Every structure is written in structure tokens, then in C-alpha cells.
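Text of the file data_32.cif, holding mmCIF, C-alpha atoms:
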data_structure
loop_
_atom_site.label_atom_id
_atom_site.label_comp_id
_atom_site.auth_asym_id
_atom_site.auth_seq_id
_atom_site.Cartn_x
_atom_site.Cartn_y
_atom_site.Cartn_z
CA MET A 23 -13.58 -17.53 15.23
CA SER A 24 -13.35 -18.83 11.69
CA ARG A 25 -13.88 -15.27 10.46
CA ALA A 26 -11.17 -14.01 12.84
CA ILE A 27 -8.73 -16.54 11.39
CA GLN A 28 -9.51 -15.34 7.88
CA LEU A 29 -8.96 -11.74 8.97
CA ALA A 30 -5.61 -12.62 10.54
CA LYS A 31 -4.34 -13.81 7.15
CA ARG A 32 -4.65 -10.26 5.84
CA GLY A 33 -1.53 -9.37 7.82
CA ARG A 34 0.48 -12.19 6.27
CA TYR A 35 2.71 -9.94 4.17
CA THR A 36 3.04 -6.88 6.39
CA CYS A 37 2.95 -7.53 10.16
CA ASP A 38 6.23 -9.41 10.64
CA PRO A 39 7.84 -9.95 13.15
CA ASN A 40 4.57 -9.77 15.04
CA PRO A 41 2.09 -12.65 14.86
CA ARG A 42 -0.88 -12.62 12.48
CA VAL A 43 -3.96 -11.96 14.57
CA GLY A 44 -7.63 -11.44 13.78
CA CYS A 45 -10.50 -10.23 15.97
CA VAL A 46 -14.31 -10.21 15.67
CA ILE A 47 -16.67 -8.46 18.10
CA CYS A 48 -20.25 -9.72 18.45
CA LYS A 49 -23.21 -8.29 20.33
CA GLU A 50 -26.74 -9.63 20.60
CA GLY A 51 -25.95 -12.28 17.99
CA GLN A 52 -24.60 -9.81 15.43
CA VAL A 53 -21.09 -8.97 14.29
CA ILE A 54 -20.55 -5.30 15.14
CA ALA A 55 -16.83 -4.93 14.35
CA GLU A 56 -13.76 -6.75 13.13
CA GLY A 57 -10.07 -6.07 12.77
CA TRP A 58 -6.65 -7.57 12.18
CA HIS A 59 -3.05 -6.69 12.89
CA ALA A 60 -1.76 -5.11 9.70
CA VAL A 61 1.65 -3.55 10.41
CA SER A 62 4.21 -4.09 13.15
CA GLY A 63 4.32 -1.06 15.43
CA GLU A 64 0.74 -0.10 14.66
CA ALA A 65 -2.51 -1.05 16.39
CA HIS A 66 -3.18 -4.72 17.11
CA ALA A 67 -6.24 -6.61 15.92
CA GLU A 68 -8.27 -6.02 19.10
CA VAL A 69 -7.72 -2.26 19.07
CA ASN A 70 -8.49 -2.04 15.35
CA ALA A 71 -11.77 -3.89 15.95
CA LEU A 72 -12.70 -1.77 18.98
CA ASN A 73 -12.07 1.37 16.93
CA GLN A 74 -14.69 0.16 14.44
CA CYS A 75 -17.60 0.22 16.89
CA ASP A 76 -19.16 2.92 19.05
CA ASP A 77 -20.06 0.69 21.98
CA ALA A 78 -18.46 -2.68 22.71
CA SER A 79 -19.86 -3.00 26.22
CA ASP A 80 -21.39 -6.41 27.05
CA SER A 81 -20.01 -7.83 23.81
CA THR A 82 -18.28 -11.13 23.07
CA VAL A 83 -14.85 -10.80 21.48
CA TYR A 84 -13.26 -13.57 19.40
CA ILE A 85 -9.46 -13.36 19.08
CA THR A 86 -7.07 -15.80 17.40
CA LEU A 87 -4.30 -15.16 19.97
CA GLU A 88 -4.28 -14.28 23.66
CA PRO A 89 -4.28 -10.46 23.91
CA CYS A 90 -1.01 -8.89 25.02
CA SER A 91 -0.75 -7.59 28.58
CA HIS A 92 2.58 -5.78 28.35
CA HIS A 93 3.89 -2.60 26.77
CA GLY A 94 5.77 -3.42 23.58
CA ARG A 95 5.65 -1.39 20.39
CA THR A 96 2.02 -0.56 21.36
CA PRO A 97 0.03 -0.41 24.65
CA PRO A 98 -1.50 -3.61 26.10
CA CYS A 99 -4.59 -4.86 24.25
CA VAL A 100 -5.93 -6.31 27.50
CA ASP A 101 -6.36 -2.79 28.88
CA ALA A 102 -8.32 -1.73 25.78
CA LEU A 103 -10.69 -4.69 26.20
CA ILE A 104 -11.19 -3.99 29.90
CA ASN A 105 -11.81 -0.29 29.30
CA ALA A 106 -14.39 -1.20 26.62
CA ASN A 107 -16.35 -3.21 29.22
CA VAL A 108 -16.60 -6.32 27.07
CA LYS A 109 -18.47 -9.23 28.65
CA GLU A 110 -16.61 -12.27 27.29
CA VAL A 111 -13.38 -12.99 25.39
CA ILE A 112 -12.95 -16.22 23.44
CA ILE A 113 -9.33 -16.98 22.54
CA ALA A 114 -8.16 -19.58 20.04
CA MET A 115 -4.68 -20.04 21.53
CA SER A 116 -2.59 -18.73 24.40
CA ASP A 117 0.54 -16.67 23.81
CA PRO A 118 3.39 -19.11 22.97
CA ASN A 119 5.94 -16.93 24.77
CA PRO A 120 6.50 -18.82 28.04
CA LEU A 121 7.39 -15.56 29.82
CA VAL A 122 3.97 -13.99 29.21
CA SER A 123 1.65 -16.90 28.40
CA GLY A 124 -1.52 -16.72 30.45
CA SER A 125 -0.93 -13.22 31.81
CA GLY A 126 -3.42 -11.67 29.39
CA ILE A 127 -6.06 -14.23 30.33
CA ASN A 128 -5.41 -13.69 34.05
CA LYS A 129 -5.75 -9.93 33.75
CA LEU A 130 -9.06 -10.25 31.89
CA GLU A 131 -10.45 -12.65 34.49
CA GLU A 132 -9.30 -10.40 37.34
CA ALA A 133 -11.33 -7.62 35.72
CA GLY A 134 -14.43 -9.84 35.79
CA ILE A 135 -14.41 -10.73 32.10
CA LYS A 136 -15.32 -14.31 31.23
CA VAL A 137 -12.58 -16.03 29.18
CA LYS A 138 -12.72 -19.22 27.10
CA GLN A 139 -9.78 -20.74 25.29
CA GLY A 140 -9.14 -23.39 22.62
CA LEU A 141 -11.75 -22.71 19.91
CA LEU A 142 -10.13 -23.57 16.54
CA GLU A 143 -6.77 -23.71 18.30
CA VAL A 144 -5.10 -25.92 15.65
CA GLU A 145 -6.11 -23.52 12.88
CA ALA A 146 -4.84 -20.57 14.91
CA ILE A 147 -1.45 -22.22 15.47
CA LYS A 148 -1.13 -22.73 11.70
CA LEU A 149 -1.39 -18.97 11.22
CA ASN A 150 1.95 -18.42 12.94
CA PRO A 151 4.25 -21.45 12.79
CA GLY A 152 7.35 -19.25 12.80
CA PHE A 153 6.27 -17.02 15.68
CA VAL A 154 5.33 -20.07 17.75
CA LYS A 155 8.64 -21.79 17.05
CA ARG A 156 10.67 -18.66 17.76
CA MET A 157 8.90 -18.11 21.07
CA THR A 158 9.16 -21.71 22.23
CA LEU A 159 12.45 -22.95 20.71
CA VAL A 160 14.28 -19.72 19.78
CA LYS A 161 14.49 -20.89 16.18
CA PRO A 162 12.65 -19.85 13.01
CA TYR A 163 10.34 -22.06 11.00
CA VAL A 164 12.30 -23.14 7.91
CA ARG A 165 10.78 -23.82 4.49
CA CYS A 166 12.89 -25.16 1.67
CA LYS A 167 11.63 -24.32 -1.83
CA LEU A 168 12.56 -26.57 -4.75
CA ALA A 169 11.48 -27.04 -8.36
CA MET A 170 11.79 -30.32 -10.23
CA SER A 171 10.75 -32.33 -13.24
CA LEU A 172 8.38 -35.27 -12.97
CA ASP A 173 11.41 -37.55 -12.64
CA GLY A 174 12.90 -35.54 -9.77
CA ARG A 175 15.52 -33.49 -11.62
CA THR A 176 16.31 -29.80 -11.11
CA ALA A 177 18.62 -28.98 -14.01
CA LEU A 178 20.31 -30.53 -17.01
CA ALA A 179 23.81 -31.92 -16.63
CA ASN A 180 25.21 -28.67 -18.03
CA GLY A 181 23.35 -26.65 -15.37
CA ASP A 182 20.57 -25.29 -17.59
CA SER A 183 17.44 -24.94 -15.43
CA GLN A 184 15.54 -21.84 -16.59
CA TRP A 185 12.78 -22.49 -16.48
CA ILE A 186 11.63 -25.86 -15.19
CA SER A 187 8.59 -24.43 -13.45
CA SER A 188 5.75 -22.43 -15.00
CA GLU A 189 5.33 -18.68 -14.87
CA GLN A 190 2.44 -19.12 -12.44
CA SER A 191 4.66 -21.19 -10.14
CA ARG A 192 7.32 -18.50 -10.20
CA LYS A 193 4.71 -15.90 -9.24
CA ASP A 194 3.63 -18.18 -6.41
CA VAL A 195 7.25 -18.27 -5.19
CA HIS A 196 7.16 -14.48 -4.89
CA ARG A 197 4.11 -14.82 -2.65
CA LEU A 198 6.05 -17.33 -0.55
CA ARG A 199 8.92 -14.86 -0.36
CA ALA A 200 6.59 -12.05 0.64
CA ALA A 201 5.16 -14.15 3.49
CA SER A 202 8.64 -14.94 4.83
CA SER A 203 10.71 -13.02 7.36
CA ALA A 204 13.89 -13.93 5.51
CA ILE A 205 15.08 -15.53 2.29
CA LEU A 206 18.20 -17.59 2.81
CA SER A 207 20.59 -18.69 0.09
CA THR A 208 24.25 -19.49 -0.42
CA VAL A 209 27.06 -17.52 -2.00
CA GLU A 210 27.23 -20.18 -4.72
CA THR A 211 23.61 -19.53 -5.72
CA VAL A 212 24.11 -15.76 -5.61
CA ILE A 213 27.15 -16.02 -7.87
CA SER A 214 25.65 -18.47 -10.36
CA ASP A 215 22.22 -16.80 -10.63
CA ASP A 216 23.11 -13.20 -9.64
CA ALA A 217 19.95 -13.54 -7.59
CA SER A 218 17.94 -10.59 -6.21
CA LEU A 219 16.20 -12.67 -3.52
CA ASN A 220 13.33 -10.22 -3.05
CA ALA A 221 9.55 -10.36 -3.48
CA ARG A 222 8.40 -8.51 -6.60
CA ASP A 223 5.66 -8.12 -9.21
CA LEU A 224 2.92 -8.58 -6.60
CA GLU A 225 -0.45 -6.85 -6.50
CA PHE A 226 -0.37 -6.10 -2.76
CA ASP A 227 1.79 -4.29 -0.21
CA VAL A 228 4.77 -6.28 1.06
CA LYS A 229 7.27 -5.91 3.87
CA GLN A 230 10.39 -7.08 2.06
CA PRO A 231 12.07 -10.07 3.72
CA VAL A 232 15.61 -9.89 5.02
CA ARG A 233 18.08 -11.52 2.63
CA VAL A 234 20.50 -13.94 4.29
CA ILE A 235 23.59 -15.30 2.55
CA ILE A 236 25.60 -18.27 3.80
CA ASP A 237 29.20 -17.50 2.84
CA ARG A 238 31.62 -19.37 5.08
CA GLN A 239 34.75 -18.12 3.24
CA LEU A 240 33.41 -14.63 2.46
CA GLY A 241 33.66 -14.96 -1.29
CA ILE A 242 30.71 -12.79 -2.28
CA SER A 243 31.34 -9.79 -4.52
CA SER A 244 30.28 -6.35 -3.37
CA GLN A 245 29.11 -5.86 -6.97
CA ALA A 246 26.44 -8.57 -6.68
CA LYS A 247 23.01 -7.39 -7.86
CA LEU A 248 21.30 -7.94 -4.52
CA PHE A 249 23.35 -5.09 -2.98
CA SER A 250 21.83 -2.63 -5.46
CA ILE A 251 18.31 -3.44 -4.24
CA ALA A 252 16.95 -1.73 -1.12
CA GLY A 253 16.65 -3.91 1.97
CA LYS A 254 18.69 -5.64 4.64
CA VAL A 255 21.34 -8.16 3.59
CA ILE A 256 22.98 -10.34 6.26
CA ILE A 257 26.04 -12.46 5.48
CA TYR A 258 27.06 -15.29 7.79
CA THR A 259 30.69 -16.33 7.62
CA GLU A 260 33.40 -18.29 9.42
CA LYS A 261 36.07 -15.76 8.43
CA GLU A 262 36.87 -13.07 10.98
CA ASN A 263 38.59 -9.75 10.27
CA ASP A 264 38.72 -10.37 6.52
CA GLU A 265 40.18 -7.53 4.46
CA ARG A 266 37.03 -7.47 2.33
CA LEU A 267 34.75 -6.52 5.22
CA ASN A 268 34.95 -2.78 4.57
CA GLU A 269 33.79 -3.05 0.97
CA LEU A 270 30.82 -5.17 2.09
CA TYR A 271 29.95 -2.67 4.81
CA LYS A 272 30.03 0.11 2.19
CA VAL A 273 27.27 -1.58 0.18
CA GLY A 274 25.13 -1.96 3.31
CA ALA A 275 25.75 -5.61 4.21
CA GLU A 276 25.76 -6.83 7.78
CA VAL A 277 28.46 -9.46 8.22
CA ILE A 278 28.09 -11.88 11.13
CA PHE A 279 31.01 -14.06 12.22
CA ILE A 280 30.22 -17.42 13.82
CA PRO A 281 33.16 -19.72 14.61
CA ALA A 282 33.27 -22.98 12.68
CA SER A 283 31.64 -25.93 14.43
CA GLU A 284 29.53 -29.00 13.69
CA SER A 285 26.43 -27.04 14.70
CA TRP A 286 27.35 -23.94 12.65
CA LEU A 287 24.18 -23.91 10.53
CA ALA A 288 21.99 -24.44 13.58
CA GLY A 289 23.80 -21.50 15.16
CA VAL A 290 22.93 -19.33 12.18
CA PHE A 291 19.21 -20.02 12.58
CA THR A 292 19.30 -19.42 16.33
CA HIS A 293 21.11 -16.12 15.77
CA LEU A 294 18.49 -15.07 13.21
CA ALA A 295 15.73 -15.75 15.72
CA LYS A 296 17.44 -14.04 18.66
CA LYS A 297 18.96 -10.95 17.06
CA TYR A 298 16.66 -10.26 14.13
CA GLU A 299 13.31 -11.72 15.32
CA ILE A 300 13.09 -13.90 12.22
CA ASN A 301 9.96 -16.04 12.32
CA GLU A 302 9.91 -17.81 8.96
CA VAL A 303 12.82 -18.54 6.62
CA LEU A 304 12.46 -19.50 2.97
CA VAL A 305 15.52 -21.39 1.73
CA GLU A 306 16.33 -21.08 -1.96
CA ALA A 307 19.53 -22.94 -2.68
CA GLY A 308 21.01 -25.86 -4.57
CA ALA A 309 20.81 -29.60 -4.03
CA THR A 310 23.92 -29.81 -1.81
CA PHE A 311 23.03 -27.07 0.67
CA SER A 312 19.33 -27.98 0.80
CA GLY A 313 20.29 -31.60 1.38
CA SER A 314 22.68 -30.66 4.18
CA LEU A 315 19.93 -28.71 5.96
CA ILE A 316 17.58 -31.67 5.73
CA GLU A 317 20.28 -34.05 6.99
CA ALA A 318 20.90 -31.72 9.95
CA GLY A 319 17.20 -31.69 10.84
CA LEU A 320 16.90 -27.95 10.26
CA VAL A 321 14.04 -27.98 7.72
CA ASP A 322 10.42 -27.94 8.89
CA GLU A 323 8.72 -27.89 5.51
CA LEU A 324 9.45 -28.67 1.85
CA VAL A 325 7.62 -26.80 -0.91
CA ILE A 326 8.19 -28.55 -4.24
CA TYR A 327 6.98 -27.33 -7.62
CA MET A 328 6.74 -30.33 -9.93
CA ALA A 329 6.64 -29.65 -13.65
CA PRO A 330 5.19 -32.11 -16.23
CA ILE A 331 8.52 -32.66 -18.01
CA LEU A 332 11.13 -35.43 -18.03
CA LEU A 333 14.85 -34.62 -17.95
CA GLY A 334 16.40 -38.09 -17.76
CA ASP A 335 18.92 -39.72 -15.46
CA THR A 336 21.89 -37.57 -16.54
CA ALA A 337 20.19 -34.42 -15.23
CA GLN A 338 20.96 -33.08 -11.76
CA ALA A 339 19.10 -34.56 -8.78
CA LEU A 340 16.73 -32.65 -6.52
CA LEU A 341 18.79 -33.20 -3.35
CA LYS A 342 22.17 -34.55 -2.38
CA LEU A 343 21.71 -36.75 0.67
CA GLU A 344 23.82 -39.35 2.41
CA PRO A 345 23.57 -42.77 0.72
CA LEU A 346 21.30 -45.32 2.36
CA ASN A 347 21.90 -49.03 2.89
CA LYS A 348 18.32 -49.96 3.67
CA LEU A 349 15.01 -48.58 2.47
CA LYS A 350 13.74 -48.25 6.02
CA GLN A 351 16.40 -45.57 6.57
CA ALA A 352 14.64 -43.26 4.11
CA LYS A 353 13.28 -40.00 5.49
CA LYS A 354 9.51 -40.05 5.76
CA LEU A 355 7.53 -36.89 4.97
CA ASN A 356 3.95 -35.87 5.63
CA LEU A 357 2.00 -34.41 2.72
CA ILE A 358 0.10 -31.39 4.05
CA ASP A 359 -0.99 -29.55 0.90
CA VAL A 360 -1.42 -30.10 -2.86
CA ARG A 361 -2.43 -27.45 -5.34
CA GLN A 362 -2.09 -26.74 -9.03
CA CYS A 363 -0.03 -23.87 -10.46
CA ALA A 364 -0.90 -23.78 -14.17
CA SER A 365 0.63 -26.99 -15.54
CA ASP A 366 2.68 -27.59 -12.38
CA ILE A 367 1.72 -29.17 -9.08
CA ARG A 368 2.85 -27.61 -5.80
CA LEU A 369 3.48 -30.21 -3.11
CA THR A 370 4.00 -29.19 0.52
CA TYR A 371 5.47 -31.64 3.02
CA SER A 372 6.29 -31.38 6.71
CA LEU A 373 9.41 -33.13 7.96
#

Rewrite the coordinates I just gave you, this time as C-alpha cells.
Amino acid sequence: MSRAIQLAKRGRYTCDPNPRVGCVICKEGQVIAEGWHAVSGEAHAEVNALNQCDDASDSTVYITLEPCSHHGRTPPCVDALINANVKEVIIAMSDPNPLVSGSGINKLEEAGIKVKQGLLEVEAIKLNPGFVKRMTLVKPYVRCKLAMSLDGRTALANGDSQWISSEQSRKDVHRLRAASSAILSTVETVISDDASLNARDLEFDVKQPVRVIIDRQLGISSQAKLFSIAGKVIIYTEKENDERLNELYKVGAEVIFIPASESWLAGVFTHLAKKYEINEVLVEAGATFSGSLIEAGLVDELVIYMAPILLGDTAQALLKLEPLNKLKQAKKLNLIDVRQCASDIRLTYSL
């Protein structure tokens, strides 16, 4: 199963919005085939593995996710396993979709195939945090990416911030982008940075993430650089029937109107999950917007690149949060990963 989990990671940058799944087939104590789900709409991990062996009868199959039992973009994997006459299927985790969870297992058992579940389940869940959250809560998994100095500053008082982080850290950000379903930013960031918000300069194939712009007053220019780059751009706004809609449509933007409310940002994320099947969102925005998402409880994970420099107390802070009266009111985070990026340290926290 550990090998199957490693195989599943090979689909990290290409199989969205489907889950990352790996499969290993063993017979008489030997691995005879393996596969993973590489591209949405193409064969799933189980079928790819079965296609690698001449005879899978009486074999044991290890799969990181319960095999599908319904017709989606491809035929049911359960049928392929049954037709191959496998003896046993060991599944790390059940399908998180409450409408289909357990149906694949039931169909295998009805066909006389022995099924076990739960081996390395925690590791399997970590493969697909966004898919699991979208299936269970109809919301995407949200990461907020930030870069700061050792004293927690993101830019000088005059706004100069390029570059706080190292070149290796910036390359790592492109890998984060590539692994995301969507990159979300604000119109303010797009205007100030003329940002492209795409994954580039990588040595592997990538399914480009959707670019999502929060623009409540619809102030974005149709001449912004991101419109000249191939890929979907979605703009969320509170302004309906604005005269500028036609020029945005002409450059390929999708403009989504959501009426103003206290839960407006939460509504944006729910809409992304429902309409666009967005599993994982990478937020790249300034201190005010990132802080507002954290305050609203909409961030699952913080990824912070900390550079070995000091900018002083006049420089701009990492986040703008509501003032606290007592230390016990401070938000508590859980450190889940630490790694070095050249001279920087990348810190990952769950909220």
C-alpha cells in the first residue's frame, strides 16, 4: 500500500478534479503490475494496473481509494476488477462521496471478492484533502501562501517586496500552483503586481489551475496580463449588469455575480466547489485579504516561506488581523511540515 500511495502522487499535477489514486497488483508474493490515475477522463489507477499484466486472476490488489462503481468519465473500475477475477482487494480508504461510499466495496463482495479496508488510511486521506473536503462539505481545501522576513514582515513601508524569498522558494511556489485546482487572488494584487497567476518553468507536465479573482466592484482592467495567457479566469463580483462586462467577456473571463452578504467569501468557495469542481485553492494575496480569510475561518493551511533577513518594525506586517485583548485569544496553529528552500525555510501549518 505504501507503494500505491507513492504512485498516486504521480497524478498530483495532472488528474484534477479527480482524486489521486495508486494501485499495486500482487500475486504469489510478487508485484506483477502497478498503475496510477494520470489524467482526468482517462483510465483510472486500477485499469492502468490491470492493463500492465497478462493475468490478474487470484491476485491481491492494493488501492488507495475505494474503486468507483458508477459510470462517470470512464467505466466502473469495480467491473474491471471483477472481470479480471482478482481474489482480494485491499483499500486504504472508502470513497468520501456520501452518495456512493461503500457501493464499490459492496459490489466486490457480492462478486465473491474478499475486501479489506483501512490500511494506511491516514496517509491515503492526505493524498486528497481537497477532494475529501469537496465531497463531504462542498468546499475546497484552502491554502494561503505567504513570504516573510525573519521578523514577520512582507514588504518595506514603501511596498518594495521583490524579492524577499529565494529563487528556490519561488520555484517551489510554482509547484504549489501546479498542484492546485485554482489560484485565488484579489483585484488589488492583480493591479499592483500585474500577476500572471499560472504555473510555469516546471520540468513536468501540468494541468494549469483556474485563476480566480476577487473583485467586488469589478475594477479589473481587460488589459491585465493574465488575460493574455491561456486558461480559465473567473471573476467574482458584487456588481450586477455592469457596463464593463462585455469587455471582460471578450477577453475570455467568466464573471460570477454573488449578492453582497456577511458570508460572501464563503459563498465564493462553495460556488467554486459546486460549479467548477475545485478541490484545492492556493490563495496568493496581501495581508488584508489573507487576514480576512483567516478571521472568517476559511483557511485550512498556511504555507509560509521565511527568509533570513530583517526588515524592521516600519515594514509591512504578514497579516492584518483583529486586535486582541488577551494572549489566550490568539489563533493556535499546528505545524505539520518544515523544509528548507535554499536559504529560506518553508513552514506549513494547519488551522

TODO: Return as a ChimeraX atom specification the set of residues that the PyMOL selection byres ((chain A and resi 310-319) around 7) yields on the displayed structure.
DONE: /A:307-309,320-321,341-343

- [ ] Give the answer as one residue: which of A:Val108, A:Ala221, A:Cys48, A:Val290 has the shortest atom-to-atom distance to A:Val234, using only C-alpha atoms?
- [x] A:Val290

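Of the residues listed (A:Ala204, A:Glu68, A:Gly241, A:Met170), A:Met170 shows the shortest atom-to-atom separation from A:Ser188; distances use all atoms listed in the file.
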
- [ ] Take atom CA of A:Val137 and atom CA of A:Val160 and report the distance between them in Å, one decimal.
- [x]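 Calculated distance between atom CA of A:Val137 and atom CA of A:Val160 is 28.7 Å.
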
Task: Residues selected by the PyMOL selection byres ((chain A and resi 361) around 12), written as a PyMOL selection string - done: chain A and resi 190-191+194+325-328+357-360+362-370

- [ ] Give me, please, the distance in Å between atom CA of A:Ala71 and atom CA of A:Arg199, quoted to one decimal.
- [x] 28.5 Å

Task: Separation of atom CA of A:Ala177 from atom CA of A:Ala337, in Å and rounded to one decimal - done: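 These atoms are spaced 5.8 Å apart.
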
- [ ] Find the spatial neighbours of A:Ile213, counting only C-alpha atoms, within a cut-off of 9 Å - ignore same-chain residues fewer than 3 positions away - and output them as a ChimeraX atom specification.
- [x] /A:208-210,216-217,242-243,246

Could you dump the residues just selected with C-alpha atoms as a PDB file, keeping the file's coordinate frame?
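What follows is the written file out18.pdb:
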ATOM      1  CA  THR A 208      24.250 -19.490  -0.420  1.00  0.00           C
ATOM      2  CA  VAL A 209      27.060 -17.520  -2.000  1.00  0.00           C
ATOM      3  CA  GLU A 210      27.230 -20.180  -4.720  1.00  0.00           C
ATOM      4  CA  ASP A 216      23.110 -13.200  -9.640  1.00  0.00           C
ATOM      5  CA  ALA A 217      19.950 -13.540  -7.590  1.00  0.00           C
ATOM      6  CA  ILE A 242      30.710 -12.790  -2.280  1.00  0.00           C
ATOM      7  CA  SER A 243      31.340  -9.790  -4.520  1.00  0.00           C
ATOM      8  CA  ALA A 246      26.440  -8.570  -6.680  1.00  0.00           C
TER       9      ALA A 246
END

TODO: For the structure provided, state which residues fall under the PyMOL selection byres ((chain A and resi 33-37) around 6), and present them as a ChimeraX atom specification.
DONE: /A:30-32,38,40,42,59-62,200-201,228-229

Task: Neighbour list for A:Glu299 as a list in words, cut-off 10 Å, only C-alpha atoms, skip fewer than 3 positions in-chain - done: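 Selected residues are Asp38, Pro39, Asn40, Gly152, Phe153, Arg156, Met157, Val160, Lys161, Pro162, Ser203, Thr292, His293, Leu294, Ala295, Lys296 and Glu302 of chain A.
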
Please, what is the axis-aligned box for every listed atom of stretch 40-59 of chain A with 8 Å on each side, as centre and edge lengths in Å to one decimal, as JSON?
{"center_x": -11.1, "center_y": -8.8, "center_z": 16.4, "size_x": 47.3, "size_y": 23.7, "size_z": 24.4}

TODO: Using only C-alpha atoms, give me every residue within 8 Å of (-19.4, -3.9, 29.4) in file coordinates, as a PyMOL selection string.
DONE: chain A and resi 78-81+106-109

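The closest residue to A:Ala133, picked from A:Ala102, A:Met23, A:Val255, A:Ile278 and counting all atoms listed in the file, is A:Ala102.
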
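Checking A:Lys155, A:Thr82, A:His66, A:Ile113 one by one against A:Arg95, counting all atoms listed in the file, you find the shortest gap at A:His66.
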
Because some atoms of stretch 210-218 of chain A are absent here, can you restore all heavy atoms and send them as a PDB file, in the coordinates of the input?
ATOM      1  N   GLU A 210      27.156 -19.488  -3.433  1.00  0.00           N
ATOM      2  CA  GLU A 210      27.230 -20.180  -4.720  1.00  0.00           C
ATOM      3  C   GLU A 210      26.016 -19.855  -5.587  1.00  0.00           C
ATOM      4  O   GLU A 210      26.134 -19.597  -6.790  1.00  0.00           O
ATOM      5  CB  GLU A 210      27.354 -21.688  -4.510  1.00  0.00           C
ATOM      6  CG  GLU A 210      28.675 -22.144  -3.903  1.00  0.00           C
ATOM      7  CD  GLU A 210      28.721 -22.010  -2.397  1.00  0.00           C
ATOM      8  OE1 GLU A 210      27.671 -21.678  -1.779  1.00  0.00           O
ATOM      9  OE2 GLU A 210      29.798 -22.228  -1.814  1.00  0.00           O
ATOM     10  N   THR A 211      24.830 -19.852  -4.969  1.00  0.00           N
ATOM     11  CA  THR A 211      23.610 -19.530  -5.720  1.00  0.00           C
ATOM     12  C   THR A 211      23.611 -18.065  -6.147  1.00  0.00           C
ATOM     13  O   THR A 211      23.212 -17.740  -7.271  1.00  0.00           O
ATOM     14  CB  THR A 211      22.372 -19.833  -4.859  1.00  0.00           C
ATOM     15  OG1 THR A 211      22.324 -21.241  -4.591  1.00  0.00           O
ATOM     16  CG2 THR A 211      21.094 -19.434  -5.576  1.00  0.00           C
ATOM     17  N   VAL A 212      24.055 -17.182  -5.265  1.00  0.00           N
ATOM     18  CA  VAL A 212      24.110 -15.760  -5.610  1.00  0.00           C
ATOM     19  C   VAL A 212      25.040 -15.523  -6.784  1.00  0.00           C
ATOM     20  O   VAL A 212      24.734 -14.768  -7.711  1.00  0.00           O
ATOM     21  CB  VAL A 212      24.551 -14.923  -4.385  1.00  0.00           C
ATOM     22  CG1 VAL A 212      24.824 -13.477  -4.788  1.00  0.00           C
ATOM     23  CG2 VAL A 212      23.482 -14.971  -3.291  1.00  0.00           C
ATOM     24  N   ILE A 213      26.175 -16.199  -6.787  1.00  0.00           N
ATOM     25  CA  ILE A 213      27.150 -16.020  -7.870  1.00  0.00           C
ATOM     26  C   ILE A 213      26.624 -16.598  -9.179  1.00  0.00           C
ATOM     27  O   ILE A 213      26.695 -15.960 -10.233  1.00  0.00           O
ATOM     28  CB  ILE A 213      28.501 -16.669  -7.491  1.00  0.00           C
ATOM     29  CG1 ILE A 213      29.163 -15.872  -6.356  1.00  0.00           C
ATOM     30  CG2 ILE A 213      29.428 -16.746  -8.699  1.00  0.00           C
ATOM     31  CD1 ILE A 213      30.400 -16.518  -5.793  1.00  0.00           C
ATOM     32  N   SER A 214      26.070 -17.810  -9.122  1.00  0.00           N
ATOM     33  CA  SER A 214      25.650 -18.470 -10.360  1.00  0.00           C
ATOM     34  C   SER A 214      24.408 -17.840 -10.974  1.00  0.00           C
ATOM     35  O   SER A 214      24.282 -17.749 -12.197  1.00  0.00           O
ATOM     36  CB  SER A 214      25.391 -19.962 -10.103  1.00  0.00           C
ATOM     37  OG  SER A 214      24.321 -20.135  -9.186  1.00  0.00           O
ATOM     38  N   ASP A 215      23.482 -17.360 -10.125  1.00  0.00           N
ATOM     39  CA  ASP A 215      22.220 -16.800 -10.630  1.00  0.00           C
ATOM     40  C   ASP A 215      22.173 -15.274 -10.593  1.00  0.00           C
ATOM     41  O   ASP A 215      21.250 -14.683 -11.148  1.00  0.00           O
ATOM     42  CB  ASP A 215      21.041 -17.334  -9.805  1.00  0.00           C
ATOM     43  CG  ASP A 215      20.886 -18.842  -9.904  1.00  0.00           C
ATOM     44  OD1 ASP A 215      21.512 -19.437 -10.791  1.00  0.00           O
ATOM     45  OD2 ASP A 215      20.139 -19.412  -9.087  1.00  0.00           O
ATOM     46  N   ASP A 216      23.156 -14.644  -9.917  1.00  0.00           N
ATOM     47  CA  ASP A 216      23.110 -13.200  -9.640  1.00  0.00           C
ATOM     48  C   ASP A 216      21.731 -12.835  -9.111  1.00  0.00           C
ATOM     49  O   ASP A 216      21.054 -11.917  -9.591  1.00  0.00           O
ATOM     50  CB  ASP A 216      23.445 -12.382 -10.890  1.00  0.00           C
ATOM     51  CG  ASP A 216      23.898 -10.958 -10.533  1.00  0.00           C
ATOM     52  OD1 ASP A 216      24.217 -10.728  -9.353  1.00  0.00           O
ATOM     53  OD2 ASP A 216      23.917 -10.100 -11.432  1.00  0.00           O
ATOM     54  N   ALA A 217      21.313 -13.589  -8.102  1.00  0.00           N
ATOM     55  CA  ALA A 217      19.950 -13.540  -7.590  1.00  0.00           C
ATOM     56  C   ALA A 217      19.647 -12.239  -6.842  1.00  0.00           C
ATOM     57  O   ALA A 217      20.521 -11.681  -6.163  1.00  0.00           O
ATOM     58  CB  ALA A 217      19.706 -14.734  -6.668  1.00  0.00           C
ATOM     59  N   SER A 218      18.403 -11.767  -6.954  1.00  0.00           N
ATOM     60  CA  SER A 218      17.940 -10.590  -6.210  1.00  0.00           C
ATOM     61  C   SER A 218      17.405 -10.982  -4.833  1.00  0.00           C
ATOM     62  O   SER A 218      17.535 -10.235  -3.865  1.00  0.00           O
ATOM     63  CB  SER A 218      16.856  -9.862  -6.991  1.00  0.00           C
ATOM     64  OG  SER A 218      17.322  -9.425  -8.242  1.00  0.00           O
TER      65      SER A 218
END
